[in-house]
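To start, the structure under review is shown below, and the notes come after it.
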Amino acid sequence: MTLNTFKRHVRESMKNLGRNGWMTFASASAVTVTLLLVGVFFVVMFNINHFAKKVENDVEIRVHIELTADSRQKDALRRQIEAIPNVKEVRYSSKDEELKRLIKSMGEEGSSFRLFEQDNPLSDVYVVKAAHPQDTVKIAKQIETLPFVHKVNYGQGTVEKLFDALKVARNVGLVLILGLLFTAMFLISNTIKITIFARRREIEIMRLVGATNGFIRWPFFLEGLWLGMLGALFPIAALSIVYYNVYQVYEQWVSLPFFELLPFSPFMWQLSGLLLVIGAGIGVWGSVMSVRKFLKV
């Protein structure tokens, strides 16, 4: 294809959008509604995934060392823990540090534990983090079998349920998003099919004067591209405005310590680019499938 021919296709596709105003509006509206729903799901799922990763990365194994273990035995235990596959980090926390941590975590009531500062009954602890949070339970079970381990605490029962719940949430979100995308493809394909059917005489004339299949397809290909991108503009603008305001309100007035929203930038820029690409992709796909399967050009 020559540059002049391509320019002609671009001009023709733009003119056709103007000539078929109501069909253009219908197709762009189909993209807009669908991408708005997809965008909302993306916002929710990306934030849930962000929360899930933060929670998973905060999961740690606390290995309480036997009170009778001397420094040599503690060092040997550390080496054994570090030798376990998928152990990312092993950090030592003395019993004095553990007491300070306990006092701090109890708030105002923690002051009563200062009585134990002179005779600390707590154990020294190794804080272990897994390279992959899902391996936490497996690693904890292995550590329990090592000598001079008094107790292993990783939130037994709660951690397993948490990982299962996060996995279900991610899978359900993925299925819903994929379902919406396929719905968008077929909805836009049918809308564009109506547009093409309304212009079947124009296509027949083009074929009679010797236009090739590729020559006929290109304007429709570009129209689908413009429609998809045009339909993505409103969802991008609406989601950006709403998310910006929600983020500002959350940061200033709510800001829960265990849950934080993804920062507006670069998250919304990345989501905007993704929606634009999806809109263009499903617009092109709808045009190509309609021309190929239903017009037989």
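Numbering starts fresh at 1 for the residues of each chain in the structure tokens, the chains themselves are lettered A, B, ... in the order given, and ligands are numbered from 1 as they appear.
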
Per-residue DSSP, stretch 193-267 of chain A, filtered to alpha helix (DSSP H), as a count of residues only: 56

Nearest-residue call for A:Ile278, choices A:Ala131, A:Pro266, A:Lys167, A:Thr34, using only C-alpha atoms: A:Thr34

Sel. of strand (DSSP E or B) residues, stretch 42-249 of chain A, as a ChimeraX atom specification: /A:61-65,87-93,125-130,149-153

Spatial neighbours of A:Val43, max dist 12 Å, only C-alpha atoms, sep filter under 5 positions, as a list of chain:residue names: A:Leu35, A:Leu36, A:Leu37, A:Val38, A:Ile48, A:Asn49, A:His50, A:Gly173, A:Ile177, A:Pro235, A:Ile236, A:Leu239, A:Ser240, A:Val242, A:Tyr243, A:Tyr244, A:Val246, A:Tyr247, A:Leu261, A:Leu262, A:Pro263, A:Phe264, A:Phe267, A:Met268, A:Gln270, A:Leu271, A:Ser272, A:Leu274, A:Leu275

Determine, counting only C-alpha atoms, which protein, DNA and RNA residues have an atom within 7 Å of an atom of stretch 153-159 of chain A; residues of the same chain fewer than 5 positions away are not included. Present the result as a PDB file with N, CA, C and O atoms, in the first residue's frame.
```pdb
ATOM      1  N   GLU A  60       4.832 -12.811  58.028  1.00  0.00           N
ATOM      2  CA  GLU A  60       6.161 -13.241  58.464  1.00  0.00           C
ATOM      3  C   GLU A  60       6.041 -14.376  59.473  1.00  0.00           C
ATOM      4  O   GLU A  60       4.988 -14.577  60.095  1.00  0.00           O
ATOM      5  N   ILE A  61       7.117 -15.109  59.604  1.00  0.00           N
ATOM      6  CA  ILE A  61       7.175 -16.223  60.547  1.00  0.00           C
ATOM      7  C   ILE A  61       8.026 -15.782  61.733  1.00  0.00           C
ATOM      8  O   ILE A  61       9.161 -15.339  61.558  1.00  0.00           O
ATOM      9  N   ARG A  62       7.487 -15.918  62.935  1.00  0.00           N
ATOM     10  CA  ARG A  62       8.227 -15.556  64.141  1.00  0.00           C
ATOM     11  C   ARG A  62       8.650 -16.834  64.850  1.00  0.00           C
ATOM     12  O   ARG A  62       7.812 -17.582  65.356  1.00  0.00           O
ATOM     13  N   VAL A  63       9.948 -17.066  64.860  1.00  0.00           N
ATOM     14  CA  VAL A  63      10.513 -18.289  65.440  1.00  0.00           C
ATOM     15  C   VAL A  63      11.036 -17.971  66.835  1.00  0.00           C
ATOM     16  O   VAL A  63      12.050 -17.277  66.990  1.00  0.00           O
TER      17      VAL A  63
END
```

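Closest approach to A:Lys129 among A:Arg91, A:Lys7, A:Lys161, A:Lys54: A:Arg91, based on only C-alpha atoms.
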
Distance of atom CA of A:Met206 from atom CA of A:Met229, expressed in Å to one decimal place: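 Separation between atom CA of A:Met229 and atom CA of A:Met206: 27.0 Å.
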
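Remark: for A:His132, the closest of the candidate residues A:Leu180, A:Val59, A:Ile65, A:Ile205 is A:Val59 (distances computed over only C-alpha atoms).
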
Top pick for closest residue to A:Ala69, considering A:Gly279, A:Gly224, A:Pro147, A:Gly286 and counting only C-alpha atoms: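 Looking only at the distances to A:Ala69, the closest residue turns out to be A:Pro147.
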
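Between atom CA of A:Trp269 and atom CA of A:Ala165 there is a distance of 29.1 Å.
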
Test item: residues at most 12 Å from stretch 74-76 of chain A, only C-alpha atoms, excluding those fewer than 2 positions along its chain, as an MDAnalysis selection string: chainID A and resid 63:72 78:83 90:94 123:126 146:150

Within 8 Å of A:Gly283 using only C-alpha atoms, minus same-chain residues under 2 positions, as a list in words: Val31, Met185, Ile188, Ser189, Glu223, Gly224, Leu225, Trp226, Leu227, Gly228, Met229, Gly279, Ala280, Gly281, Trp285, Gly286 and Ser287 of chain A

Counting only C-alpha atoms, the residue of A:Phe51, A:Val152, A:Lys88, A:Ala130 that sits nearest A:Leu166: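 Under the stated criterion, the closest residue is A:Phe51.
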
Atomic distance atom CA of A:Lys95 - atom CA of A:Asn57, expressed in Å with one decimal: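 Result for atom CA of A:Lys95 versus atom CA of A:Asn57: 24.0 Å, one decimal.
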